[in-house]
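Trainee: Below is query.tsv; it holds TSV, N, CA and C atoms.
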```
chain	number	residue	atom	x	y	z
A	981	MET	N	36.24	28.39	-9.99
A	981	MET	CA	35.76	27.71	-11.17
A	981	MET	C	36.41	26.33	-11.21
A	982	THR	N	35.62	25.35	-11.44
A	982	THR	CA	36.16	24.00	-11.53
A	982	THR	C	36.68	23.75	-12.95
A	983	SER	N	37.43	22.69	-13.10
A	983	SER	CA	37.99	22.38	-14.42
A	983	SER	C	36.88	22.04	-15.42
A	984	THR	N	35.79	21.45	-14.93
A	984	THR	CA	34.68	21.12	-15.82
A	984	THR	C	34.01	22.39	-16.34
A	985	GLU	N	33.83	23.38	-15.45
A	985	GLU	CA	33.25	24.65	-15.89
A	985	GLU	C	34.16	25.34	-16.89
A	986	GLY	N	35.45	25.34	-16.63
A	986	GLY	CA	36.41	25.96	-17.54
A	986	GLY	C	36.38	25.31	-18.92
A	987	LEU	N	36.28	23.99	-18.93
A	987	LEU	CA	36.20	23.26	-20.19
A	987	LEU	C	34.92	23.61	-20.94
A	988	ALA	N	33.82	23.71	-20.22
A	988	ALA	CA	32.54	24.05	-20.85
A	988	ALA	C	32.57	25.48	-21.42
A	989	TYR	N	33.15	26.43	-20.66
A	989	TYR	CA	33.24	27.81	-21.16
A	989	TYR	C	34.14	27.88	-22.37
A	990	GLY	N	35.22	27.14	-22.34
A	990	GLY	CA	36.13	27.11	-23.49
A	990	GLY	C	35.45	26.54	-24.72
A	991	ALA	N	34.69	25.47	-24.53
A	991	ALA	CA	33.98	24.85	-25.65
A	991	ALA	C	32.93	25.80	-26.23
A	992	LEU	N	32.21	26.52	-25.36
A	992	LEU	CA	31.22	27.49	-25.86
A	992	LEU	C	31.90	28.61	-26.64
A	993	PHE	N	33.05	29.06	-26.15
A	993	PHE	CA	33.77	30.13	-26.84
A	993	PHE	C	34.24	29.67	-28.22
A	994	VAL	N	34.83	28.49	-28.29
A	994	VAL	CA	35.29	27.96	-29.58
A	994	VAL	C	34.11	27.75	-30.52
A	995	LEU	N	33.01	27.22	-30.01
A	995	LEU	CA	31.83	27.00	-30.84
A	995	LEU	C	31.30	28.32	-31.40
A	996	ALA	N	31.24	29.35	-30.56
A	996	ALA	CA	30.75	30.65	-31.02
A	996	ALA	C	31.65	31.22	-32.11
A	997	ILE	N	32.96	31.13	-31.94
A	997	ILE	CA	33.90	31.66	-32.94
A	997	ILE	C	33.77	30.91	-34.26
A	998	VAL	N	33.70	29.59	-34.18
A	998	VAL	CA	33.57	28.79	-35.40
A	998	VAL	C	32.28	29.12	-36.14
A	999	LEU	N	31.18	29.27	-35.39
A	999	LEU	CA	29.90	29.59	-36.03
A	999	LEU	C	29.94	30.99	-36.65
A	1000	LEU	N	30.61	31.93	-36.00
A	1000	LEU	CA	30.72	33.27	-36.59
A	1000	LEU	C	31.57	33.24	-37.86
A	1001	LEU	N	32.62	32.44	-37.87
A	1001	LEU	CA	33.48	32.36	-39.05
A	1001	LEU	C	32.79	31.69	-40.22
A	1002	THR	N	31.79	30.84	-39.95
A	1002	THR	CA	31.06	30.18	-41.03
A	1002	THR	C	29.75	30.90	-41.34
A	1003	ASN	N	29.64	32.15	-40.88
A	1003	ASN	CA	28.48	33.01	-41.16
A	1003	ASN	C	27.15	32.42	-40.68
A	1004	GLN	N	27.17	31.77	-39.55
A	1004	GLN	CA	25.94	31.27	-38.94
A	1004	GLN	C	25.69	32.07	-37.68
A	1005	VAL	N	25.25	33.31	-37.88
A	1005	VAL	CA	25.13	34.26	-36.79
A	1005	VAL	C	24.05	33.84	-35.79
A	1006	ALA	N	22.94	33.30	-36.27
A	1006	ALA	CA	21.85	32.90	-35.36
A	1006	ALA	C	22.32	31.82	-34.40
A	1007	LEU	N	23.03	30.82	-34.91
A	1007	LEU	CA	23.52	29.76	-34.06
A	1007	LEU	C	24.64	30.26	-33.14
A	1008	ALA	N	25.45	31.18	-33.63
A	1008	ALA	CA	26.50	31.76	-32.80
A	1008	ALA	C	25.90	32.51	-31.63
A	1009	THR	N	24.79	33.20	-31.86
A	1009	THR	CA	24.11	33.92	-30.78
A	1009	THR	C	23.62	32.94	-29.72
A	1010	VAL	N	23.11	31.80	-30.16
A	1010	VAL	CA	22.64	30.78	-29.22
A	1010	VAL	C	23.81	30.26	-28.38
A	1011	ALA	N	25.01	30.20	-28.95
A	1011	ALA	CA	26.18	29.73	-28.21
A	1011	ALA	C	26.74	30.83	-27.30
A	1012	ILE	N	26.61	32.10	-27.71
A	1012	ILE	CA	27.18	33.20	-26.93
A	1012	ILE	C	26.34	33.51	-25.70
A	1013	VAL	N	25.02	33.39	-25.79
A	1013	VAL	CA	24.15	33.76	-24.68
A	1013	VAL	C	24.48	33.00	-23.39
A	1014	PRO	N	24.58	31.67	-23.38
A	1014	PRO	CA	24.93	31.01	-22.12
A	1014	PRO	C	26.35	31.35	-21.65
A	1015	TYR	N	27.26	31.61	-22.58
A	1015	TYR	CA	28.63	32.00	-22.22
A	1015	TYR	C	28.61	33.32	-21.46
A	1016	VAL	N	27.84	34.29	-21.95
A	1016	VAL	CA	27.75	35.60	-21.29
A	1016	VAL	C	27.04	35.47	-19.95
A	1017	LEU	N	25.96	34.73	-19.90
A	1017	LEU	CA	25.24	34.55	-18.64
A	1017	LEU	C	26.11	33.87	-17.59
A	1018	ALA	N	26.90	32.90	-18.01
A	1018	ALA	CA	27.78	32.22	-17.07
A	1018	ALA	C	28.89	33.13	-16.58
A	1019	SER	N	29.30	34.07	-17.41
A	1019	SER	CA	30.37	34.97	-16.99
A	1019	SER	C	29.91	35.90	-15.87
A	1020	PHE	N	28.61	36.17	-15.78
A	1020	PHE	CA	28.10	37.00	-14.69
A	1020	PHE	C	28.30	36.32	-13.34
A	1021	LYS	N	28.37	35.00	-13.33
A	1021	LYS	CA	28.55	34.27	-12.09
A	1021	LYS	C	29.87	34.66	-11.41
A	1022	TYR	N	30.89	34.96	-12.22
A	1022	TYR	CA	32.21	35.28	-11.68
A	1022	TYR	C	32.53	36.77	-11.77
A	1023	SER	N	31.60	37.58	-12.26
A	1023	SER	CA	31.86	39.01	-12.40
A	1023	SER	C	31.76	39.75	-11.08
A	1024	PHE	N	30.95	39.25	-10.19
A	1024	PHE	CA	30.71	39.95	-8.93
A	1024	PHE	C	31.38	39.19	-7.80
A	1025	PRO	N	31.89	39.91	-6.82
A	1025	PRO	CA	32.58	39.23	-5.72
A	1025	PRO	C	31.65	38.28	-4.96
A	1026	GLN	N	32.16	37.13	-4.67
A	1026	GLN	CA	31.39	36.15	-3.93
A	1026	GLN	C	31.50	36.47	-2.44
A	1027	GLU	N	30.42	36.28	-1.72
A	1027	GLU	CA	30.43	36.54	-0.29
A	1027	GLU	C	31.15	35.39	0.40
A	1028	GLN	N	32.20	35.74	1.12
A	1028	GLN	CA	32.99	34.74	1.81
A	1028	GLN	C	32.77	34.84	3.29
A	1029	LYS	N	32.69	33.69	3.93
A	1029	LYS	CA	32.52	33.68	5.38
A	1029	LYS	C	33.87	33.93	6.02
A	1030	LYS	N	33.89	34.83	7.00
A	1030	LYS	CA	35.13	35.12	7.71
A	1030	LYS	C	35.36	34.06	8.77
A	1031	ALA	N	36.60	33.71	8.94
A	1031	ALA	CA	36.94	32.75	9.97
A	1031	ALA	C	36.76	33.39	11.34
A	1032	GLN	N	36.08	32.68	12.19
A	1032	GLN	CA	35.85	33.20	13.54
A	1032	GLN	C	36.77	32.47	14.51
A	1033	ARG	N	37.37	33.26	15.36
A	1033	ARG	CA	38.28	32.68	16.34
A	1033	ARG	C	37.53	32.49	17.66
A	1034	ASN	N	37.79	31.38	18.28
A	1034	ASN	CA	37.21	31.13	19.61
A	1034	ASN	C	38.15	31.73	20.65
A	1035	ARG	N	37.63	32.60	21.47
A	1035	ARG	CA	38.48	33.24	22.50
A	1035	ARG	C	38.10	32.77	23.86
```
The structure given in the file should be rewritten as structure tokens.

Mentor:
Amino acid sequence: MTSTEGLAYGALFVLAIVLLLTNQVALATVAIVPYVLASFKYSFPQEQKKAQRNR
């Protein structure tokens, strides 16, 4: 995760919490959906290429 992605996820999380605290559930849902979808990107192991040695 890059620092820009981390900042964006943090901002979405703070926005969702603030909207929930001000009883704006519909807008909070709009903020939570991309946060949850983005979390799936890091939920599953990424396929890594193995280093191949020249023999």

Trainee: Rounded to one decimal in Å, what is the spacing between atom N of Tyr989 (chain A) and atom N of Ser1023 (chain A)?

Mentor: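 It comes out at 14.0 Å.
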
Trainee: Please measure the separation of atom N of Val994 (chain A) and CA of Val1010 (chain A), giving the value in Å to one decimal.

Mentor: 12.4 Å

Trainee: Work out how far CA of Val1013 (chain A) is from CA of Val998 (chain A), in Å to one decimal.

Mentor: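 Result for CA of Val998 (chain A) versus CA of Val1013 (chain A): 15.1 Å, one decimal.
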
Trainee: DSSP says helix (DSSP H, G or I) for which residues of chain A? Put them as a PyMOL selection string?

Mentor: chain A and resi 983-1001+1005-1023

Trainee: Considering only C-alpha atoms, can you say which of A:Tyr1022, A:Pro1014, A:Leu995, A:Gln1004 comes closest to Thr982 (chain A)?

Mentor: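 Nearest candidate to Thr982 (chain A) out of A:Tyr1022, A:Pro1014, A:Leu995, A:Gln1004: A:Tyr1022.
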
Trainee: As a short mmCIF file (atom, residue, chain, number, x, y, z; two decimals), keeping the file's coordinate frame, please: region 1012-1023 of chain A completed to all heavy atoms.

Mentor:
```cif
data_model
loop_
_atom_site.label_atom_id
_atom_site.label_comp_id
_atom_site.auth_asym_id
_atom_site.auth_seq_id
_atom_site.Cartn_x
_atom_site.Cartn_y
_atom_site.Cartn_z
N ILE A 1012 26.61 32.10 -27.71
CA ILE A 1012 27.18 33.20 -26.93
C ILE A 1012 26.34 33.51 -25.70
O ILE A 1012 26.89 33.85 -24.65
CB ILE A 1012 27.34 34.45 -27.83
CG1 ILE A 1012 28.44 34.21 -28.85
CG2 ILE A 1012 27.64 35.69 -27.00
CD1 ILE A 1012 28.54 35.29 -29.91
N VAL A 1013 25.02 33.39 -25.79
CA VAL A 1013 24.15 33.76 -24.68
C VAL A 1013 24.48 33.00 -23.39
O VAL A 1013 24.69 33.63 -22.35
CB VAL A 1013 22.66 33.60 -25.07
CG1 VAL A 1013 21.76 33.69 -23.86
CG2 VAL A 1013 22.28 34.66 -26.09
N PRO A 1014 24.58 31.67 -23.38
CA PRO A 1014 24.93 31.01 -22.12
C PRO A 1014 26.35 31.35 -21.65
O PRO A 1014 26.62 31.38 -20.46
CB PRO A 1014 24.80 29.52 -22.41
CG PRO A 1014 24.62 29.39 -23.85
CD PRO A 1014 24.25 30.70 -24.42
N TYR A 1015 27.26 31.61 -22.58
CA TYR A 1015 28.63 32.00 -22.22
C TYR A 1015 28.61 33.32 -21.46
O TYR A 1015 29.27 33.47 -20.44
CB TYR A 1015 29.47 32.11 -23.49
CG TYR A 1015 30.91 32.43 -23.24
CD1 TYR A 1015 31.79 31.46 -22.78
CD2 TYR A 1015 31.41 33.71 -23.46
CE1 TYR A 1015 33.11 31.75 -22.54
CE2 TYR A 1015 32.73 34.01 -23.21
CZ TYR A 1015 33.58 33.02 -22.76
OH TYR A 1015 34.89 33.32 -22.52
N VAL A 1016 27.84 34.29 -21.95
CA VAL A 1016 27.75 35.60 -21.29
C VAL A 1016 27.04 35.47 -19.95
O VAL A 1016 27.47 36.05 -18.95
CB VAL A 1016 27.03 36.61 -22.21
CG1 VAL A 1016 26.71 37.89 -21.48
CG2 VAL A 1016 27.87 36.89 -23.45
N LEU A 1017 25.96 34.73 -19.90
CA LEU A 1017 25.24 34.55 -18.64
C LEU A 1017 26.11 33.87 -17.59
O LEU A 1017 26.08 34.23 -16.41
CB LEU A 1017 23.96 33.75 -18.87
CG LEU A 1017 22.86 34.44 -19.68
CD1 LEU A 1017 21.69 33.49 -19.91
CD2 LEU A 1017 22.41 35.72 -19.00
N ALA A 1018 26.90 32.90 -18.01
CA ALA A 1018 27.78 32.22 -17.07
C ALA A 1018 28.89 33.13 -16.58
O ALA A 1018 29.35 33.01 -15.45
CB ALA A 1018 28.36 30.98 -17.73
N SER A 1019 29.30 34.07 -17.41
CA SER A 1019 30.37 34.97 -16.99
C SER A 1019 29.91 35.90 -15.87
O SER A 1019 30.73 36.37 -15.08
CB SER A 1019 30.88 35.79 -18.18
OG SER A 1019 29.91 36.73 -18.59
N PHE A 1020 28.61 36.17 -15.78
CA PHE A 1020 28.10 37.00 -14.69
C PHE A 1020 28.30 36.32 -13.34
O PHE A 1020 28.40 36.98 -12.32
CB PHE A 1020 26.62 37.32 -14.89
CG PHE A 1020 26.39 38.43 -15.86
CD1 PHE A 1020 25.78 38.18 -17.07
CD2 PHE A 1020 26.77 39.73 -15.56
CE1 PHE A 1020 25.57 39.20 -17.98
CE2 PHE A 1020 26.56 40.75 -16.46
CZ PHE A 1020 25.96 40.49 -17.67
N LYS A 1021 28.37 35.00 -13.33
CA LYS A 1021 28.55 34.27 -12.09
C LYS A 1021 29.87 34.66 -11.41
O LYS A 1021 29.96 34.71 -10.20
CB LYS A 1021 28.54 32.77 -12.38
CG LYS A 1021 28.75 31.90 -11.16
CD LYS A 1021 28.69 30.43 -11.53
CE LYS A 1021 28.91 29.55 -10.32
NZ LYS A 1021 28.89 28.14 -10.66
N TYR A 1022 30.89 34.96 -12.22
CA TYR A 1022 32.21 35.28 -11.68
C TYR A 1022 32.53 36.77 -11.77
O TYR A 1022 33.62 37.18 -11.41
CB TYR A 1022 33.27 34.46 -12.40
CG TYR A 1022 33.06 32.99 -12.18
CD1 TYR A 1022 32.54 32.18 -13.18
CD2 TYR A 1022 33.35 32.41 -10.95
CE1 TYR A 1022 32.33 30.83 -12.97
CE2 TYR A 1022 33.13 31.06 -10.73
CZ TYR A 1022 32.63 30.28 -11.75
OH TYR A 1022 32.40 28.95 -11.53
N SER A 1023 31.60 37.58 -12.26
CA SER A 1023 31.86 39.01 -12.40
C SER A 1023 31.76 39.75 -11.08
O SER A 1023 32.40 40.78 -10.91
CB SER A 1023 30.86 39.63 -13.39
OG SER A 1023 31.06 39.10 -14.66
#
```
